[in-house]
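In what follows, a structure is listed as C-alpha coordinates, so that the remarks can point back to it.
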Amino acid sequence: MHHIFPKAMLYKHGYEGPQVNAIANFTFLTQSTNLEVSDRYPAEYLEEYCDKNPGAVESHWISMDRDLWQPERYLDFLAARRQLLAKAANEFLDTLLAGKIPERPIDERKPPVHTAETIIPGGVTSEEEEDLLLEINQWVLEMGLPEGEFLFEVIDEYTDQPLAVFDLAWPNGLQEGLSQPVALLIDEGPDTEAVANKVGYRFFTNEQSFRDYVLKSILVER
(Lines give C-alpha, C1' and ligand atoms only; values in the text may rest on other atoms or scores of the structure.)
Protein backbone atom coordinates (compact mmCIF):
# COMPACT_ATOMS: atom_id res chain seq x y z
CA MET A 1 0.00 0.00 0.00
CA HIS A 2 1.50 3.28 -1.17
CA HIS A 3 1.00 6.94 -0.25
CA ILE A 4 0.59 8.77 -3.57
CA PHE A 5 1.75 11.99 -1.90
CA PRO A 6 4.66 11.03 0.42
CA LYS A 7 3.97 11.50 4.11
CA ALA A 8 7.14 13.47 4.81
CA MET A 9 6.36 15.92 2.01
CA LEU A 10 2.81 16.50 3.30
CA TYR A 11 3.94 17.02 6.90
CA LYS A 12 6.54 19.49 5.62
CA HIS A 13 3.76 21.47 3.93
CA GLY A 14 1.67 21.62 7.09
CA TYR A 15 -0.91 18.90 6.48
CA GLU A 16 -2.17 16.93 9.48
CA GLY A 17 -2.28 13.17 10.10
CA PRO A 18 -5.91 12.51 9.06
CA GLN A 19 -5.30 14.41 5.80
CA VAL A 20 -1.99 12.64 5.14
CA ASN A 21 -3.56 9.22 5.74
CA ALA A 22 -6.81 9.88 3.86
CA ILE A 23 -7.99 6.83 1.93
CA ALA A 24 -7.86 8.84 -1.30
CA ASN A 25 -4.08 9.17 -0.84
CA PHE A 26 -3.55 5.39 -0.96
CA THR A 27 -3.11 3.05 -3.87
CA PHE A 28 -1.69 -0.44 -4.35
CA LEU A 29 1.65 -1.10 -6.02
CA THR A 30 3.92 -4.07 -6.43
CA GLN A 31 6.76 -4.11 -3.91
CA SER A 32 9.38 -3.35 -6.57
CA THR A 33 7.44 -0.35 -7.90
CA ASN A 34 6.81 0.92 -4.38
CA LEU A 35 10.56 0.83 -3.66
CA GLU A 36 11.31 2.48 -6.98
CA VAL A 37 8.87 5.34 -6.32
CA SER A 38 9.99 5.72 -2.69
CA ASP A 39 9.28 9.26 -1.41
CA ARG A 40 9.52 11.12 -4.72
CA TYR A 41 7.09 13.93 -5.49
CA PRO A 42 3.99 12.94 -7.51
CA ALA A 43 4.66 15.61 -10.14
CA GLU A 44 7.95 13.83 -10.85
CA TYR A 45 7.18 10.12 -10.72
CA LEU A 46 3.60 10.22 -12.08
CA GLU A 47 4.81 12.04 -15.18
CA GLU A 48 7.54 9.47 -15.60
CA TYR A 49 5.04 6.57 -15.47
CA CYS A 50 2.72 8.37 -17.89
CA ASP A 51 5.57 8.36 -20.40
CA LYS A 52 6.71 4.79 -19.72
CA ASN A 53 3.30 3.13 -19.37
CA PRO A 54 0.46 5.10 -21.00
CA GLY A 55 -2.80 4.51 -19.14
CA ALA A 56 -1.14 3.14 -15.99
CA VAL A 57 -1.64 6.26 -13.88
CA GLU A 58 -5.27 6.63 -14.97
CA SER A 59 -5.89 2.99 -13.99
CA HIS A 60 -5.27 4.01 -10.38
CA TRP A 61 -8.08 6.58 -10.61
CA ILE A 62 -5.67 9.50 -10.38
CA SER A 63 -6.68 12.80 -11.95
CA MET A 64 -4.59 13.73 -14.98
CA ASP A 65 -4.78 17.41 -14.08
CA ARG A 66 -1.07 18.02 -13.48
CA ASP A 67 -1.80 21.04 -11.29
CA LEU A 68 -3.30 18.68 -8.71
CA TRP A 69 0.00 16.81 -8.43
CA GLN A 70 1.52 19.72 -6.51
CA PRO A 71 1.56 19.69 -2.67
CA GLU A 72 -0.23 23.04 -2.57
CA ARG A 73 -3.23 21.44 -4.32
CA TYR A 74 -3.26 18.26 -2.21
CA LEU A 75 -6.77 18.73 -0.82
CA ASP A 76 -8.09 19.35 -4.34
CA PHE A 77 -6.28 16.19 -5.44
CA LEU A 78 -8.09 14.22 -2.72
CA ALA A 79 -11.47 15.64 -3.74
CA ALA A 80 -10.88 14.79 -7.42
CA ARG A 81 -9.70 11.27 -6.62
CA ARG A 82 -12.70 10.60 -4.37
CA GLN A 83 -14.93 11.49 -7.31
CA LEU A 84 -13.05 9.12 -9.62
CA LEU A 85 -13.17 6.29 -7.05
CA ALA A 86 -16.88 6.83 -6.47
CA LYS A 87 -17.56 6.81 -10.22
CA ALA A 88 -15.61 3.57 -10.66
CA ALA A 89 -17.42 1.96 -7.72
CA ASN A 90 -20.82 2.94 -9.09
CA GLU A 91 -19.97 1.60 -12.53
CA PHE A 92 -18.88 -1.69 -10.98
CA LEU A 93 -22.11 -1.95 -8.98
CA ASP A 94 -24.10 -1.26 -12.13
CA THR A 95 -22.56 -4.35 -13.75
CA LEU A 96 -24.00 -6.48 -10.93
CA LEU A 97 -27.54 -5.47 -11.81
CA ALA A 98 -29.66 -7.32 -14.30
CA GLY A 99 -30.44 -4.00 -15.94
CA LYS A 100 -29.30 -0.45 -15.34
CA ILE A 101 -31.71 2.04 -13.80
CA PRO A 102 -31.73 5.27 -15.82
CA GLU A 103 -30.24 8.14 -13.88
CA ARG A 104 -32.24 11.31 -13.45
CA PRO A 105 -30.80 14.23 -15.42
CA ILE A 106 -28.69 16.57 -13.34
CA ASP A 107 -29.98 20.10 -12.94
CA GLU A 108 -26.87 22.05 -13.88
CA ARG A 109 -28.23 25.10 -12.08
CA LYS A 110 -27.86 23.38 -8.74
CA PRO A 111 -24.39 23.23 -7.17
CA PRO A 112 -22.94 19.75 -6.58
CA VAL A 113 -23.44 18.30 -3.12
CA HIS A 114 -20.21 17.62 -1.24
CA THR A 115 -20.19 15.11 1.57
CA ALA A 116 -17.76 15.34 4.45
CA GLU A 117 -14.98 12.78 4.52
CA THR A 118 -15.14 10.37 7.43
CA ILE A 119 -12.26 11.02 9.78
CA ILE A 120 -10.82 7.86 11.33
CA PRO A 121 -9.19 8.56 14.70
CA GLY A 122 -5.52 7.81 15.16
CA GLY A 123 -2.47 7.87 12.94
CA VAL A 124 0.98 9.44 12.87
CA THR A 125 1.03 13.23 12.81
CA SER A 126 4.72 14.14 12.44
CA GLU A 127 8.05 12.88 11.16
CA GLU A 128 9.37 12.87 14.73
CA GLU A 129 6.59 10.53 15.81
CA GLU A 130 7.21 8.28 12.82
CA ASP A 131 10.95 8.12 13.59
CA LEU A 132 10.19 7.21 17.21
CA LEU A 133 7.85 4.39 16.18
CA LEU A 134 10.40 2.99 13.72
CA GLU A 135 13.05 3.12 16.45
CA ILE A 136 10.80 1.25 18.91
CA ASN A 137 9.90 -1.36 16.31
CA GLN A 138 13.59 -1.96 15.63
CA TRP A 139 14.24 -2.29 19.37
CA VAL A 140 11.46 -4.88 19.66
CA LEU A 141 13.06 -6.91 16.87
CA GLU A 142 16.44 -6.73 18.63
CA MET A 143 14.75 -8.16 21.72
CA GLY A 144 13.84 -11.22 19.65
CA LEU A 145 10.14 -10.32 19.49
CA PRO A 146 7.86 -10.01 16.45
CA GLU A 147 7.76 -6.81 14.46
CA GLY A 148 4.76 -4.55 15.04
CA GLU A 149 2.37 -3.45 12.30
CA PHE A 150 2.82 0.23 11.49
CA LEU A 151 -0.40 2.28 11.09
CA PHE A 152 -2.58 -0.73 11.89
CA GLU A 153 -6.19 -0.17 10.83
CA VAL A 154 -8.80 -1.63 13.18
CA ILE A 155 -11.89 -2.89 11.36
CA ASP A 156 -15.34 -3.46 12.86
CA GLU A 157 -15.96 -7.21 12.51
CA TYR A 158 -19.69 -6.69 11.93
CA THR A 159 -19.74 -3.73 9.52
CA ASP A 160 -16.25 -4.00 7.96
CA GLN A 161 -15.87 -0.27 8.60
CA PRO A 162 -12.58 1.19 9.90
CA LEU A 163 -12.75 2.21 13.56
CA ALA A 164 -9.31 3.68 14.21
CA VAL A 165 -5.66 3.60 13.20
CA PHE A 166 -3.14 2.44 15.83
CA ASP A 167 0.37 3.87 15.50
CA LEU A 168 2.06 0.51 16.11
CA ALA A 169 0.24 -2.71 16.92
CA TRP A 170 0.76 -6.38 17.63
CA PRO A 171 -2.71 -7.87 16.95
CA ASN A 172 -1.46 -11.34 17.98
CA GLY A 173 0.44 -10.08 21.01
CA LEU A 174 4.17 -9.75 21.59
CA GLN A 175 4.17 -13.47 22.36
CA GLU A 176 1.95 -14.63 19.55
CA GLY A 177 -0.94 -16.67 20.83
CA LEU A 178 0.18 -16.33 24.45
CA SER A 179 -0.44 -12.66 25.25
CA GLN A 180 -3.19 -10.18 24.50
CA PRO A 181 -3.05 -7.76 21.55
CA VAL A 182 -0.82 -4.74 22.21
CA ALA A 183 -0.75 -1.26 20.71
CA LEU A 184 1.42 1.82 21.10
CA LEU A 185 -0.61 5.03 20.81
CA ILE A 186 1.53 8.17 20.83
CA ASP A 187 -0.30 11.48 21.29
CA GLU A 188 -3.67 9.95 20.46
CA GLY A 189 -7.02 11.20 21.70
CA PRO A 190 -9.68 9.47 23.80
CA ASP A 191 -11.51 8.20 20.70
CA THR A 192 -8.55 6.03 19.68
CA GLU A 193 -8.02 4.81 23.23
CA ALA A 194 -11.72 3.93 23.50
CA VAL A 195 -11.46 1.78 20.37
CA ALA A 196 -8.38 0.03 21.80
CA ASN A 197 -10.32 -0.79 24.96
CA LYS A 198 -13.33 -1.96 22.98
CA VAL A 199 -11.38 -4.43 20.86
CA GLY A 200 -9.40 -5.82 23.79
CA TYR A 201 -5.97 -4.26 23.25
CA ARG A 202 -3.51 -3.48 26.01
CA PHE A 203 -2.23 -0.08 24.95
CA PHE A 204 0.54 2.29 25.98
CA THR A 205 0.60 6.03 25.42
CA ASN A 206 4.33 6.66 25.82
CA GLU A 207 7.58 4.99 24.89
CA GLN A 208 8.88 4.30 28.40
CA SER A 209 5.79 2.52 29.70
CA PHE A 210 5.85 0.28 26.61
CA ARG A 211 9.55 -0.55 27.05
CA ASP A 212 8.95 -1.33 30.74
CA TYR A 213 6.14 -3.70 29.79
CA VAL A 214 8.35 -5.51 27.29
CA LEU A 215 11.27 -5.87 29.72
CA LYS A 216 9.34 -6.67 32.90
CA SER A 217 6.36 -8.63 31.61
CA ILE A 218 7.24 -10.20 28.29
CA LEU A 219 10.96 -10.95 28.41
CA VAL A 220 10.84 -12.12 32.04
CA GLU A 221 8.25 -14.75 31.12
CA ARG A 222 10.28 -16.20 28.28
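Just remember, in the C-alpha coordinates the first chain shown is A, the second B, etc., residues are 1-based per chain, and ligands are 1-based in the order shown.
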
Counting only C-alpha atoms, what are the residues of segment 143-163 of chain A within 10 Å of segment 182-192 of chain A, and for each of them which pair of atoms is the nearest and at what distance in Å, to one decimal? Sort the table by chain and rising number, as JSON lines.
{"residue": "A:Gly148", "atom": "CA", "partner": "A:Ala183", "partner_atom": "CA", "distance": 8.6}
{"residue": "A:Glu149", "atom": "CA", "partner": "A:Ala183", "partner_atom": "CA", "distance": 9.2}
{"residue": "A:Phe150", "atom": "CA", "partner": "A:Leu184", "partner_atom": "CA", "distance": 9.8}
{"residue": "A:Phe152", "atom": "CA", "partner": "A:Ala183", "partner_atom": "CA", "distance": 9.0}
{"residue": "A:Leu163", "atom": "CA", "partner": "A:Thr192", "partner_atom": "CA", "distance": 8.4}

Write out as a PyMOL selection string all residues of segment 1-220 of chain A that DSSP puts in helix (DSSP H, G or I) for this structure's backbone.
chain A and resi 7-12+17-20+23-25+31-37+42-52+58-60+66-69+71-95+127-142+190-198+207-218

Excluding Asp39 of chain A and any residue of its chain fewer than 6 positions from it, enumerate the residues within 10 Å of it, using only C-alpha atoms, and give them as a count of residues only.
9

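DSSP annotation of chain A from backbone atoms: strand (DSSP E) residues are His2, His3, Phe26, Thr27, Glu149, Phe150, Leu151, Phe152, Glu153, Val154, Ile155, Pro162, Leu163, Ala164, Val165, Phe166, Asp167, Leu168, Ala169, Trp170, Val182, Ala183, Leu184, Arg202, Phe203 and Phe204 of chain A.
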
Would you output that residue set with N, CA and C atoms, as a PDB file, in the first residue's frame?
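This went into selection-v7.pdb:
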ATOM      1  N   HIS A   2       0.594   2.173  -0.883  1.00  0.00           N
ATOM      2  CA  HIS A   2       1.497   3.279  -1.172  1.00  0.00           C
ATOM      3  C   HIS A   2       0.795   4.622  -0.999  1.00  0.00           C
ATOM      4  N   HIS A   3       1.468   5.562  -0.312  1.00  0.00           N
ATOM      5  CA  HIS A   3       0.999   6.943  -0.253  1.00  0.00           C
ATOM      6  C   HIS A   3       1.334   7.617  -1.581  1.00  0.00           C
ATOM      7  N   PHE A  26      -4.142   6.723  -0.896  1.00  0.00           N
ATOM      8  CA  PHE A  26      -3.545   5.393  -0.960  1.00  0.00           C
ATOM      9  C   PHE A  26      -3.836   4.736  -2.300  1.00  0.00           C
ATOM     10  N   THR A  27      -2.879   3.945  -2.747  1.00  0.00           N
ATOM     11  CA  THR A  27      -3.112   3.047  -3.874  1.00  0.00           C
ATOM     12  C   THR A  27      -2.269   1.800  -3.642  1.00  0.00           C
ATOM     13  N   GLU A 149       2.976  -3.931  13.549  1.00  0.00           N
ATOM     14  CA  GLU A 149       2.373  -3.447  12.304  1.00  0.00           C
ATOM     15  C   GLU A 149       2.185  -1.947  12.398  1.00  0.00           C
ATOM     16  N   PHE A 150       2.837  -1.237  11.504  1.00  0.00           N
ATOM     17  CA  PHE A 150       2.822   0.226  11.486  1.00  0.00           C
ATOM     18  C   PHE A 150       1.510   0.723  10.889  1.00  0.00           C
ATOM     19  N   LEU A 151       0.883   1.716  11.534  1.00  0.00           N
ATOM     20  CA  LEU A 151      -0.400   2.277  11.093  1.00  0.00           C
ATOM     21  C   LEU A 151      -1.420   1.168  10.884  1.00  0.00           C
ATOM     22  N   PHE A 152      -1.673   0.419  11.931  1.00  0.00           N
ATOM     23  CA  PHE A 152      -2.581  -0.727  11.886  1.00  0.00           C
ATOM     24  C   PHE A 152      -4.030  -0.243  11.937  1.00  0.00           C
ATOM     25  N   GLU A 153      -4.798  -0.596  10.915  1.00  0.00           N
ATOM     26  CA  GLU A 153      -6.188  -0.171  10.828  1.00  0.00           C
ATOM     27  C   GLU A 153      -7.090  -1.208  11.495  1.00  0.00           C
ATOM     28  N   VAL A 154      -7.873  -0.757  12.471  1.00  0.00           N
ATOM     29  CA  VAL A 154      -8.797  -1.632  13.185  1.00  0.00           C
ATOM     30  C   VAL A 154     -10.143  -1.598  12.471  1.00  0.00           C
ATOM     31  N   ILE A 155     -10.660  -2.778  12.126  1.00  0.00           N
ATOM     32  CA  ILE A 155     -11.895  -2.894  11.359  1.00  0.00           C
ATOM     33  C   ILE A 155     -12.994  -3.485  12.231  1.00  0.00           C
ATOM     34  N   PRO A 162     -13.740   0.873   9.056  1.00  0.00           N
ATOM     35  CA  PRO A 162     -12.582   1.191   9.896  1.00  0.00           C
ATOM     36  C   PRO A 162     -13.002   1.957  11.147  1.00  0.00           C
ATOM     37  N   LEU A 163     -12.430   1.572  12.284  1.00  0.00           N
ATOM     38  CA  LEU A 163     -12.752   2.214  13.556  1.00  0.00           C
ATOM     39  C   LEU A 163     -11.671   3.198  13.997  1.00  0.00           C
ATOM     40  N   ALA A 164     -10.423   2.834  13.783  1.00  0.00           N
ATOM     41  CA  ALA A 164      -9.312   3.680  14.214  1.00  0.00           C
ATOM     42  C   ALA A 164      -8.026   3.169  13.574  1.00  0.00           C
ATOM     43  N   VAL A 165      -6.990   3.993  13.662  1.00  0.00           N
ATOM     44  CA  VAL A 165      -5.663   3.597  13.203  1.00  0.00           C
ATOM     45  C   VAL A 165      -4.722   3.654  14.403  1.00  0.00           C
ATOM     46  N   PHE A 166      -4.109   2.505  14.729  1.00  0.00           N
ATOM     47  CA  PHE A 166      -3.144   2.444  15.830  1.00  0.00           C
ATOM     48  C   PHE A 166      -1.746   2.712  15.268  1.00  0.00           C
ATOM     49  N   ASP A 167      -0.970   3.524  15.981  1.00  0.00           N
ATOM     50  CA  ASP A 167       0.374   3.871  15.504  1.00  0.00           C
ATOM     51  C   ASP A 167       1.212   2.625  15.230  1.00  0.00           C
ATOM     52  N   LEU A 168       1.273   1.736  16.223  1.00  0.00           N
ATOM     53  CA  LEU A 168       2.057   0.509  16.109  1.00  0.00           C
ATOM     54  C   LEU A 168       1.310  -0.560  16.889  1.00  0.00           C
ATOM     55  N   ALA A 169       1.095  -1.710  16.270  1.00  0.00           N
ATOM     56  CA  ALA A 169       0.243  -2.714  16.917  1.00  0.00           C
ATOM     57  C   ALA A 169       0.779  -4.121  16.705  1.00  0.00           C
ATOM     58  N   TRP A 170       0.479  -4.954  17.693  1.00  0.00           N
ATOM     59  CA  TRP A 170       0.763  -6.384  17.635  1.00  0.00           C
ATOM     60  C   TRP A 170      -0.568  -7.092  17.846  1.00  0.00           C
ATOM     61  N   VAL A 182      -1.497  -5.905  21.627  1.00  0.00           N
ATOM     62  CA  VAL A 182      -0.823  -4.743  22.210  1.00  0.00           C
ATOM     63  C   VAL A 182      -0.743  -3.637  21.159  1.00  0.00           C
ATOM     64  N   ALA A 183      -0.884  -2.395  21.619  1.00  0.00           N
ATOM     65  CA  ALA A 183      -0.751  -1.257  20.710  1.00  0.00           C
ATOM     66  C   ALA A 183      -0.002  -0.125  21.406  1.00  0.00           C
ATOM     67  N   LEU A 184       0.747   0.614  20.623  1.00  0.00           N
ATOM     68  CA  LEU A 184       1.417   1.818  21.099  1.00  0.00           C
ATOM     69  C   LEU A 184       0.713   3.005  20.466  1.00  0.00           C
ATOM     70  N   ARG A 202      -4.264  -4.148  24.953  1.00  0.00           N
ATOM     71  CA  ARG A 202      -3.507  -3.483  26.014  1.00  0.00           C
ATOM     72  C   ARG A 202      -2.696  -2.399  25.318  1.00  0.00           C
ATOM     73  N   PHE A 203      -2.900  -1.145  25.688  1.00  0.00           N
ATOM     74  CA  PHE A 203      -2.232  -0.081  24.951  1.00  0.00           C
ATOM     75  C   PHE A 203      -1.391   0.790  25.879  1.00  0.00           C
ATOM     76  N   PHE A 204      -0.392   1.425  25.256  1.00  0.00           N
ATOM     77  CA  PHE A 204       0.541   2.288  25.975  1.00  0.00           C
ATOM     78  C   PHE A 204       0.616   3.627  25.245  1.00  0.00           C
TER      79      PHE A 204
END

If we count only C-alpha atoms and set the cut-off at 9 Å, which residues sit around segment 62-75 of chain A, ignoring sequence neighbours fewer than 5 positions away in its own chain? Please answer as a list in words.
Phe5, Met9, Leu10, His13, Gln19, Tyr41, Pro42, Ala43, Glu44, Leu46, Glu47, Val57, Ala80, Arg81, Leu84 and Leu85 of chain A

Those selected residues, please, written with N, CA and C atoms and delivered as a PDB file, in the first residue's frame.
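Saved file part.pdb follows:
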ATOM      1  N   PHE A   5       0.959  10.859  -2.375  1.00  0.00           N
ATOM      2  CA  PHE A   5       1.752  11.987  -1.903  1.00  0.00           C
ATOM      3  C   PHE A   5       2.537  11.501  -0.684  1.00  0.00           C
ATOM      4  N   MET A   9       6.605  14.704   2.796  1.00  0.00           N
ATOM      5  CA  MET A   9       6.356  15.915   2.015  1.00  0.00           C
ATOM      6  C   MET A   9       5.114  16.638   2.522  1.00  0.00           C
ATOM      7  N   LEU A  10       4.053  15.879   2.834  1.00  0.00           N
ATOM      8  CA  LEU A  10       2.813  16.500   3.296  1.00  0.00           C
ATOM      9  C   LEU A  10       2.985  17.132   4.671  1.00  0.00           C
ATOM     10  N   HIS A  13       4.628  20.404   4.434  1.00  0.00           N
ATOM     11  CA  HIS A  13       3.763  21.474   3.927  1.00  0.00           C
ATOM     12  C   HIS A  13       2.593  21.780   4.874  1.00  0.00           C
ATOM     13  N   GLN A  19      -5.366  14.030   7.213  1.00  0.00           N
ATOM     14  CA  GLN A  19      -5.299  14.405   5.801  1.00  0.00           C
ATOM     15  C   GLN A  19      -4.242  13.572   5.086  1.00  0.00           C
ATOM     16  N   TYR A  41       8.283  13.100  -5.335  1.00  0.00           N
ATOM     17  CA  TYR A  41       7.091  13.933  -5.485  1.00  0.00           C
ATOM     18  C   TYR A  41       6.218  13.389  -6.622  1.00  0.00           C
ATOM     19  N   PRO A  42       4.887  13.447  -6.463  1.00  0.00           N
ATOM     20  CA  PRO A  42       3.985  12.941  -7.514  1.00  0.00           C
ATOM     21  C   PRO A  42       4.217  13.601  -8.868  1.00  0.00           C
ATOM     22  N   ALA A  43       4.470  14.911  -8.868  1.00  0.00           N
ATOM     23  CA  ALA A  43       4.664  15.615 -10.138  1.00  0.00           C
ATOM     24  C   ALA A  43       5.843  15.031 -10.921  1.00  0.00           C
ATOM     25  N   GLU A  44       6.776  14.427 -10.199  1.00  0.00           N
ATOM     26  CA  GLU A  44       7.946  13.828 -10.849  1.00  0.00           C
ATOM     27  C   GLU A  44       7.660  12.402 -11.299  1.00  0.00           C
ATOM     28  N   LEU A  46       4.806  10.505 -11.294  1.00  0.00           N
ATOM     29  CA  LEU A  46       3.604  10.224 -12.078  1.00  0.00           C
ATOM     30  C   LEU A  46       3.829  10.555 -13.551  1.00  0.00           C
ATOM     31  N   GLU A  47       4.513  11.669 -13.798  1.00  0.00           N
ATOM     32  CA  GLU A  47       4.805  12.044 -15.181  1.00  0.00           C
ATOM     33  C   GLU A  47       5.693  11.004 -15.838  1.00  0.00           C
ATOM     34  N   VAL A  57      -1.273   5.333 -14.952  1.00  0.00           N
ATOM     35  CA  VAL A  57      -1.642   6.263 -13.877  1.00  0.00           C
ATOM     36  C   VAL A  57      -3.158   6.398 -13.792  1.00  0.00           C
ATOM     37  N   ALA A  80     -10.753  15.307  -6.056  1.00  0.00           N
ATOM     38  CA  ALA A  80     -10.881  14.787  -7.423  1.00  0.00           C
ATOM     39  C   ALA A  80     -10.769  13.267  -7.435  1.00  0.00           C
ATOM     40  N   ARG A  81      -9.867  12.731  -6.618  1.00  0.00           N
ATOM     41  CA  ARG A  81      -9.700  11.265  -6.622  1.00  0.00           C
ATOM     42  C   ARG A  81     -10.900  10.576  -5.981  1.00  0.00           C
ATOM     43  N   LEU A  84     -13.395  10.184  -8.675  1.00  0.00           N
ATOM     44  CA  LEU A  84     -13.049   9.119  -9.619  1.00  0.00           C
ATOM     45  C   LEU A  84     -13.286   7.737  -9.009  1.00  0.00           C
ATOM     46  N   LEU A  85     -12.941   7.580  -7.724  1.00  0.00           N
ATOM     47  CA  LEU A  85     -13.167   6.295  -7.054  1.00  0.00           C
ATOM     48  C   LEU A  85     -14.658   5.995  -6.933  1.00  0.00           C
TER      49      LEU A  85
END

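Here atom CA of Ser179 of chain A and atom CA of Val214 of chain A stand 11.5 Å from one another.
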